[in-house]
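Read the structure below first, then the notes.
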Amino acid sequence: GTADEVSPLEPPQAELTAKDIALADRELAAAWVVMFHRLKNPKNLCVLFRNEKLAMKAKRAWRDTGGIRVAGFPESKGLQNPVEALGKAVGKRIFVVAVAPRDKQLQQLKELEDRQTEELRLLDPTGEKATVGMIVILLNARLRGQTEQSEMARYWADSSNPVYHARWVGPKGEGLLFHSLFQEWCLLSRGESPRELLRLDSEPSNEQIERALV
């Protein structure tokens with residue numbers, strides 16, 4: 001809400017379409033483009049969309065990206081190794097924003113990360129130079145809250161720290177679970193007068209959420 005108005009805590013009334021979700025993903029990625037422009041560090045950022053079609057839509061919407069590389073994850077075509085193609089797309093850019101990646105893209109990122117880690121180990125066996133490879137930023141990767149979490153989603157969820165996370169929980173979306181960096185995880189009830197149901201230092205389990213919603 002604005003001023004003294006308080007909006008009820010409710011999920012969208014209508015089902016979101018694939019177009020709605022793609023637009024929301026792109027708008028969130030745009031915030032990172034703006035931030036790197038203001039930091040005067042555009043040539044260290046690569047923004048990757050799930051495919052070239054989504055990347056082209058972003059390029060048309062954003063127009064001049066000022067040196068930020070915008071690309072789609074490579075497809076497996078013929079003899080082309082998608083991980084090698086991904087490495088070429090990223091180049092020497094340190095920050096890699098992956099926009100709403102699916103399992104296939106998460107797997108490619110992990111393989112590229114493993115490859116870079118091995119290359120750095122060969123160049124600096126003792127680790128004295130403290131050189132790092134790419135820093136992966138996952139936007140709307142939807143790693144958490146899935147009924148059946150894939151192996152890749154579990155890997156990235158366990159090896160990353162969510163900067164911001166929010167999702168409706170419960171069979172009918174009875175609560176909102178949210179978290180921001182360096183803050184606790186908080187569960188609120190749904191409705192016009194939200195109540196805090198749970199607050200924890202770590203992400204609550206499904207069982208803890210279910211008990212709190214009863």
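Each chain in the structure tokens gets a letter, A, B and so on, in the order shown; residues start at 1 in every chain, and ligands are counted from 1 in the order they appear.
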Taking 4 positions as the minimum chain separation for residues in the same chain, which residues sit within 7 Å of segment 156-162 of chain A when counting only C-alpha atoms? Answer as a PDB file with all heavy atoms, in the first residue's frame.
```pdb
ATOM      1  N   LEU A 143      14.417 -22.396  -6.983  1.00  0.00           N
ATOM      2  CA  LEU A 143      15.119 -23.560  -6.449  1.00  0.00           C
ATOM      3  C   LEU A 143      14.382 -24.175  -5.272  1.00  0.00           C
ATOM      4  O   LEU A 143      14.497 -25.371  -5.010  1.00  0.00           O
ATOM      5  CB  LEU A 143      16.526 -23.153  -5.975  1.00  0.00           C
ATOM      6  CG  LEU A 143      17.446 -22.499  -7.000  1.00  0.00           C
ATOM      7  CD1 LEU A 143      18.758 -22.096  -6.341  1.00  0.00           C
ATOM      8  CD2 LEU A 143      17.699 -23.419  -8.180  1.00  0.00           C
ATOM      9  N   MET A 152      19.872 -30.821  -9.328  1.00  0.00           N
ATOM     10  CA  MET A 152      20.532 -29.548  -9.632  1.00  0.00           C
ATOM     11  C   MET A 152      19.979 -28.421  -8.776  1.00  0.00           C
ATOM     12  O   MET A 152      20.727 -27.564  -8.289  1.00  0.00           O
ATOM     13  CB  MET A 152      20.370 -29.208 -11.104  1.00  0.00           C
ATOM     14  CG  MET A 152      21.411 -29.805 -12.026  1.00  0.00           C
ATOM     15  SD  MET A 152      23.072 -29.177 -11.687  1.00  0.00           S
ATOM     16  CE  MET A 152      23.745 -30.489 -10.683  1.00  0.00           C
ATOM     17  N   LEU A 181      18.633 -11.039   2.583  1.00  0.00           N
ATOM     18  CA  LEU A 181      20.009 -11.295   3.006  1.00  0.00           C
ATOM     19  C   LEU A 181      20.276 -10.731   4.399  1.00  0.00           C
ATOM     20  O   LEU A 181      19.917  -9.593   4.697  1.00  0.00           O
ATOM     21  CB  LEU A 181      20.971 -10.675   1.992  1.00  0.00           C
ATOM     22  CG  LEU A 181      22.445 -11.079   2.112  1.00  0.00           C
ATOM     23  CD1 LEU A 181      22.620 -12.567   1.888  1.00  0.00           C
ATOM     24  CD2 LEU A 181      23.281 -10.289   1.111  1.00  0.00           C
TER      25      LEU A 181
END
```
Query raised in the report: Please, which residues of segment 39-166 of chain A, numbered as in this document, come out helix (DSSP H, G or I) from DSSP, as an MDAnalysis selection string?
Result: chainID A and resid 42:44 52:62 82:90 103:123 151:158
Would you output that residue set with N, CA and C atoms, as a compact mmCIF listing (two decimals), in the first residue's frame?
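What follows is the written file result-v2.txt:
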```
# COMPACT_ATOMS: atom_id res chain seq x y z
N PRO A 42 29.89 -2.08 -16.45
CA PRO A 42 29.05 -2.90 -17.33
C PRO A 42 29.78 -4.05 -18.01
N LYS A 43 31.09 -3.88 -18.28
CA LYS A 43 31.81 -4.90 -19.04
C LYS A 43 32.20 -6.12 -18.21
N ASN A 44 31.81 -6.11 -16.93
CA ASN A 44 32.05 -7.28 -16.08
C ASN A 44 30.78 -8.10 -15.88
N GLU A 52 17.84 -18.00 -26.79
CA GLU A 52 18.18 -16.80 -27.56
C GLU A 52 16.95 -15.94 -27.82
N LYS A 53 15.78 -16.56 -27.92
CA LYS A 53 14.55 -15.80 -28.18
C LYS A 53 14.27 -14.83 -27.02
N LEU A 54 14.40 -15.30 -25.78
CA LEU A 54 14.19 -14.44 -24.61
C LEU A 54 15.27 -13.37 -24.54
N ALA A 55 16.49 -13.74 -24.91
CA ALA A 55 17.59 -12.76 -24.90
C ALA A 55 17.34 -11.65 -25.91
N MET A 56 16.84 -12.00 -27.09
CA MET A 56 16.56 -11.00 -28.12
C MET A 56 15.44 -10.05 -27.68
N LYS A 57 14.44 -10.57 -26.98
CA LYS A 57 13.36 -9.71 -26.48
C LYS A 57 13.91 -8.71 -25.46
N ALA A 58 14.84 -9.18 -24.62
CA ALA A 58 15.45 -8.28 -23.64
C ALA A 58 16.28 -7.21 -24.34
N LYS A 59 17.03 -7.59 -25.36
CA LYS A 59 17.85 -6.61 -26.09
C LYS A 59 16.99 -5.54 -26.72
N ARG A 60 15.85 -5.96 -27.29
CA ARG A 60 14.95 -4.98 -27.91
C ARG A 60 14.34 -4.04 -26.87
N ALA A 61 14.01 -4.61 -25.71
CA ALA A 61 13.39 -3.79 -24.65
C ALA A 61 14.41 -2.84 -24.02
N TRP A 62 15.64 -3.31 -23.84
CA TRP A 62 16.65 -2.51 -23.14
C TRP A 62 17.44 -1.61 -24.09
N PRO A 82 27.83 -27.64 -25.37
CA PRO A 82 27.13 -26.47 -24.82
C PRO A 82 27.90 -25.78 -23.70
N VAL A 83 28.70 -26.53 -22.94
CA VAL A 83 29.47 -25.93 -21.85
C VAL A 83 30.59 -25.06 -22.40
N GLU A 84 31.24 -25.54 -23.48
CA GLU A 84 32.27 -24.72 -24.13
C GLU A 84 31.65 -23.46 -24.73
N ALA A 85 30.48 -23.62 -25.34
CA ALA A 85 29.79 -22.47 -25.92
C ALA A 85 29.38 -21.48 -24.83
N LEU A 86 28.97 -22.01 -23.68
CA LEU A 86 28.62 -21.15 -22.55
C LEU A 86 29.83 -20.39 -22.05
N GLY A 87 30.97 -21.07 -21.98
CA GLY A 87 32.21 -20.42 -21.56
C GLY A 87 32.59 -19.27 -22.48
N LYS A 88 32.37 -19.46 -23.80
CA LYS A 88 32.67 -18.40 -24.76
C LYS A 88 31.70 -17.24 -24.60
N ALA A 89 30.43 -17.55 -24.31
CA ALA A 89 29.42 -16.49 -24.13
C ALA A 89 29.74 -15.64 -22.91
N VAL A 90 30.17 -16.30 -21.84
CA VAL A 90 30.51 -15.57 -20.60
C VAL A 90 31.82 -14.82 -20.76
N ASP A 103 16.50 -26.70 -15.18
CA ASP A 103 17.46 -27.72 -14.78
C ASP A 103 18.63 -27.84 -15.76
N LYS A 104 18.32 -27.79 -17.05
CA LYS A 104 19.37 -27.93 -18.07
C LYS A 104 20.40 -26.82 -17.96
N GLN A 105 19.92 -25.59 -17.76
CA GLN A 105 20.84 -24.45 -17.65
C GLN A 105 21.62 -24.50 -16.33
N LEU A 106 20.96 -24.95 -15.27
CA LEU A 106 21.66 -25.09 -13.99
C LEU A 106 22.79 -26.11 -14.10
N GLN A 107 22.55 -27.18 -14.87
CA GLN A 107 23.58 -28.19 -15.08
C GLN A 107 24.75 -27.60 -15.85
N GLN A 108 24.46 -26.80 -16.89
CA GLN A 108 25.53 -26.17 -17.67
C GLN A 108 26.36 -25.24 -16.80
N LEU A 109 25.69 -24.47 -15.94
CA LEU A 109 26.41 -23.55 -15.05
C LEU A 109 27.33 -24.31 -14.10
N LYS A 110 26.83 -25.42 -13.57
CA LYS A 110 27.66 -26.21 -12.65
C LYS A 110 28.88 -26.77 -13.37
N GLU A 111 28.69 -27.29 -14.59
CA GLU A 111 29.81 -27.86 -15.33
C GLU A 111 30.84 -26.78 -15.67
N LEU A 112 30.36 -25.58 -16.02
CA LEU A 112 31.30 -24.50 -16.32
C LEU A 112 32.01 -24.06 -15.04
N GLU A 113 31.30 -23.99 -13.96
CA GLU A 113 31.90 -23.64 -12.67
C GLU A 113 32.98 -24.66 -12.29
N ASP A 114 32.68 -25.95 -12.44
CA ASP A 114 33.65 -27.01 -12.13
C ASP A 114 34.88 -26.89 -13.02
N ARG A 115 34.65 -26.58 -14.30
CA ARG A 115 35.77 -26.45 -15.24
C ARG A 115 36.66 -25.27 -14.85
N GLN A 116 36.05 -24.14 -14.51
CA GLN A 116 36.82 -22.97 -14.11
C GLN A 116 37.59 -23.23 -12.81
N THR A 117 36.97 -23.93 -11.89
CA THR A 117 37.63 -24.24 -10.61
C THR A 117 38.87 -25.09 -10.85
N GLU A 118 38.77 -26.06 -11.75
CA GLU A 118 39.91 -26.92 -12.06
C GLU A 118 41.02 -26.12 -12.76
N GLU A 119 40.64 -25.24 -13.68
CA GLU A 119 41.64 -24.41 -14.38
C GLU A 119 42.37 -23.51 -13.40
N LEU A 120 41.65 -22.92 -12.45
CA LEU A 120 42.27 -22.05 -11.45
C LEU A 120 43.18 -22.84 -10.54
N ARG A 121 42.81 -24.08 -10.24
CA ARG A 121 43.63 -24.92 -9.37
C ARG A 121 44.95 -25.26 -10.06
N LEU A 122 44.90 -25.49 -11.36
CA LEU A 122 46.12 -25.79 -12.10
C LEU A 122 47.03 -24.57 -12.18
N LEU A 123 46.43 -23.38 -12.33
CA LEU A 123 47.22 -22.16 -12.42
C LEU A 123 47.81 -21.75 -11.07
N GLU A 151 17.98 -32.69 -8.44
CA GLU A 151 19.35 -32.74 -7.91
C GLU A 151 20.07 -31.41 -8.14
N MET A 152 19.87 -30.82 -9.33
CA MET A 152 20.53 -29.55 -9.63
C MET A 152 19.98 -28.42 -8.78
N ALA A 153 18.66 -28.39 -8.60
CA ALA A 153 18.05 -27.36 -7.76
C ALA A 153 18.55 -27.49 -6.33
N ARG A 154 18.68 -28.70 -5.86
CA ARG A 154 19.18 -28.93 -4.49
C ARG A 154 20.63 -28.48 -4.37
N TYR A 155 21.45 -28.76 -5.39
CA TYR A 155 22.86 -28.34 -5.35
C TYR A 155 22.98 -26.83 -5.24
N TRP A 156 22.27 -26.10 -6.11
CA TRP A 156 22.38 -24.65 -6.10
C TRP A 156 21.73 -24.03 -4.87
N ALA A 157 20.66 -24.64 -4.38
CA ALA A 157 20.03 -24.13 -3.16
C ALA A 157 20.97 -24.28 -1.97
N ASP A 158 21.69 -25.42 -1.91
CA ASP A 158 22.60 -25.68 -0.79
C ASP A 158 23.88 -24.85 -0.88
```
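Interatomic distance, atom CA of Lys40 of chain A against atom CA of Arg93 of chain A: 14.1 Å.
With atom CA of Ser205 of chain A on one side and atom CA of Arg167 of chain A on the other, the separation reads 13.7 Å.
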Query raised in the report: Mind checking DSSP for segment 78-206 of chain A and telling me the strand (DSSP E) residues as a ChimeraX atom specification?
Result: /A:95-99,135-139,164-169,175-180,185-189,196-200
Give me a file of those residues, with N, CA and C atoms, as a short mmCIF file (atom, residue, chain, number, x, y, z; two decimals), in the first residue's frame.
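Final file, selection_23.cif:
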```
data_model
loop_
_atom_site.label_atom_id
_atom_site.label_comp_id
_atom_site.auth_asym_id
_atom_site.auth_seq_id
_atom_site.Cartn_x
_atom_site.Cartn_y
_atom_site.Cartn_z
N PHE A 95 30.77 -11.41 -13.33
CA PHE A 95 29.42 -11.56 -12.80
C PHE A 95 28.50 -12.11 -13.89
N VAL A 96 27.87 -13.22 -13.58
CA VAL A 96 26.97 -13.88 -14.53
C VAL A 96 25.58 -13.97 -13.90
N VAL A 97 24.64 -13.26 -14.48
CA VAL A 97 23.25 -13.30 -14.02
C VAL A 97 22.48 -14.28 -14.89
N ALA A 98 22.00 -15.36 -14.29
CA ALA A 98 21.20 -16.35 -15.01
C ALA A 98 19.73 -16.09 -14.70
N VAL A 99 18.96 -15.77 -15.72
CA VAL A 99 17.57 -15.37 -15.52
C VAL A 99 16.65 -16.58 -15.65
N ILE A 135 31.18 -15.30 -10.78
CA ILE A 135 30.26 -15.22 -9.64
C ILE A 135 28.85 -15.32 -10.21
N VAL A 136 28.16 -16.39 -9.88
CA VAL A 136 26.84 -16.67 -10.46
C VAL A 136 25.74 -16.05 -9.60
N ILE A 137 24.85 -15.31 -10.25
CA ILE A 137 23.70 -14.71 -9.59
C ILE A 137 22.45 -15.31 -10.24
N LEU A 138 21.68 -16.06 -9.49
CA LEU A 138 20.50 -16.72 -10.02
C LEU A 138 19.25 -15.88 -9.73
N LEU A 139 18.56 -15.46 -10.78
CA LEU A 139 17.33 -14.68 -10.62
C LEU A 139 16.12 -15.55 -10.90
N TYR A 164 17.09 -12.58 -1.73
CA TYR A 164 15.67 -12.31 -1.46
C TYR A 164 14.87 -13.52 -1.92
N HIS A 165 13.94 -13.93 -1.06
CA HIS A 165 13.11 -15.08 -1.40
C HIS A 165 11.70 -14.84 -0.85
N ALA A 166 10.70 -15.11 -1.67
CA ALA A 166 9.31 -15.00 -1.22
C ALA A 166 8.47 -16.00 -1.99
N ARG A 167 7.60 -16.71 -1.27
CA ARG A 167 6.69 -17.64 -1.95
C ARG A 167 5.48 -17.92 -1.07
N TRP A 168 4.37 -18.20 -1.72
CA TRP A 168 3.17 -18.60 -1.01
C TRP A 168 3.32 -20.06 -0.61
N VAL A 169 2.92 -20.40 0.59
CA VAL A 169 3.06 -21.76 1.10
C VAL A 169 1.73 -22.25 1.64
N GLY A 175 -0.11 -18.93 3.63
CA GLY A 175 0.93 -18.11 4.24
C GLY A 175 1.95 -17.63 3.22
N LEU A 176 2.69 -16.60 3.61
CA LEU A 176 3.77 -16.06 2.78
C LEU A 176 5.09 -16.24 3.54
N LEU A 177 6.01 -16.98 2.94
CA LEU A 177 7.34 -17.17 3.51
C LEU A 177 8.30 -16.24 2.79
N PHE A 178 9.03 -15.42 3.54
CA PHE A 178 9.98 -14.54 2.88
C PHE A 178 11.27 -14.40 3.69
N HIS A 179 12.30 -13.97 2.99
CA HIS A 179 13.63 -13.85 3.59
C HIS A 179 14.45 -12.89 2.74
N SER A 180 15.27 -12.07 3.39
CA SER A 180 16.23 -11.23 2.67
C SER A 180 17.60 -11.41 3.31
N TRP A 185 14.22 -15.80 8.41
CA TRP A 185 13.13 -16.28 7.59
C TRP A 185 11.84 -16.05 8.36
N CYS A 186 10.83 -15.51 7.69
CA CYS A 186 9.60 -15.12 8.37
C CYS A 186 8.39 -15.68 7.61
N LEU A 187 7.44 -16.21 8.37
CA LEU A 187 6.20 -16.73 7.79
C LEU A 187 5.04 -15.88 8.29
N LEU A 188 4.26 -15.32 7.36
CA LEU A 188 3.10 -14.50 7.70
C LEU A 188 1.83 -15.17 7.21
N SER A 189 0.75 -14.94 7.96
CA SER A 189 -0.54 -15.46 7.52
C SER A 189 -1.07 -14.60 6.38
N GLU A 196 2.39 -12.71 12.14
CA GLU A 196 3.64 -13.46 12.06
C GLU A 196 3.43 -14.81 12.73
N LEU A 197 3.68 -15.87 11.97
CA LEU A 197 3.48 -17.23 12.46
C LEU A 197 4.77 -17.93 12.84
N LEU A 198 5.86 -17.49 12.23
CA LEU A 198 7.13 -18.19 12.45
C LEU A 198 8.28 -17.28 12.06
N ARG A 199 9.36 -17.33 12.84
CA ARG A 199 10.57 -16.58 12.52
C ARG A 199 11.76 -17.43 12.92
N LEU A 200 12.65 -17.72 11.95
CA LEU A 200 13.79 -18.60 12.21
C LEU A 200 15.05 -18.04 11.56
#
```
Report task. Go through A:Pro74, A:Asn51, A:Arg102, A:Pro204 and flag the residue nearest Gln149 of chain A, using only C-alpha atoms for the distances. Result -> A:Arg102
Query raised in the report: Looking at only C-alpha atoms, which of A:Glu184, A:Glu75, A:Glu192, A:Asp64 is the one that sits closest to Arg50 of chain A?
Result: A:Glu75
Requested in this report: Would you mind reading off the distance between atom CA of Gly145 of chain A and atom CA of Ala31 of chain A, one decimal, in Å?
Outcome: 24.4 Å
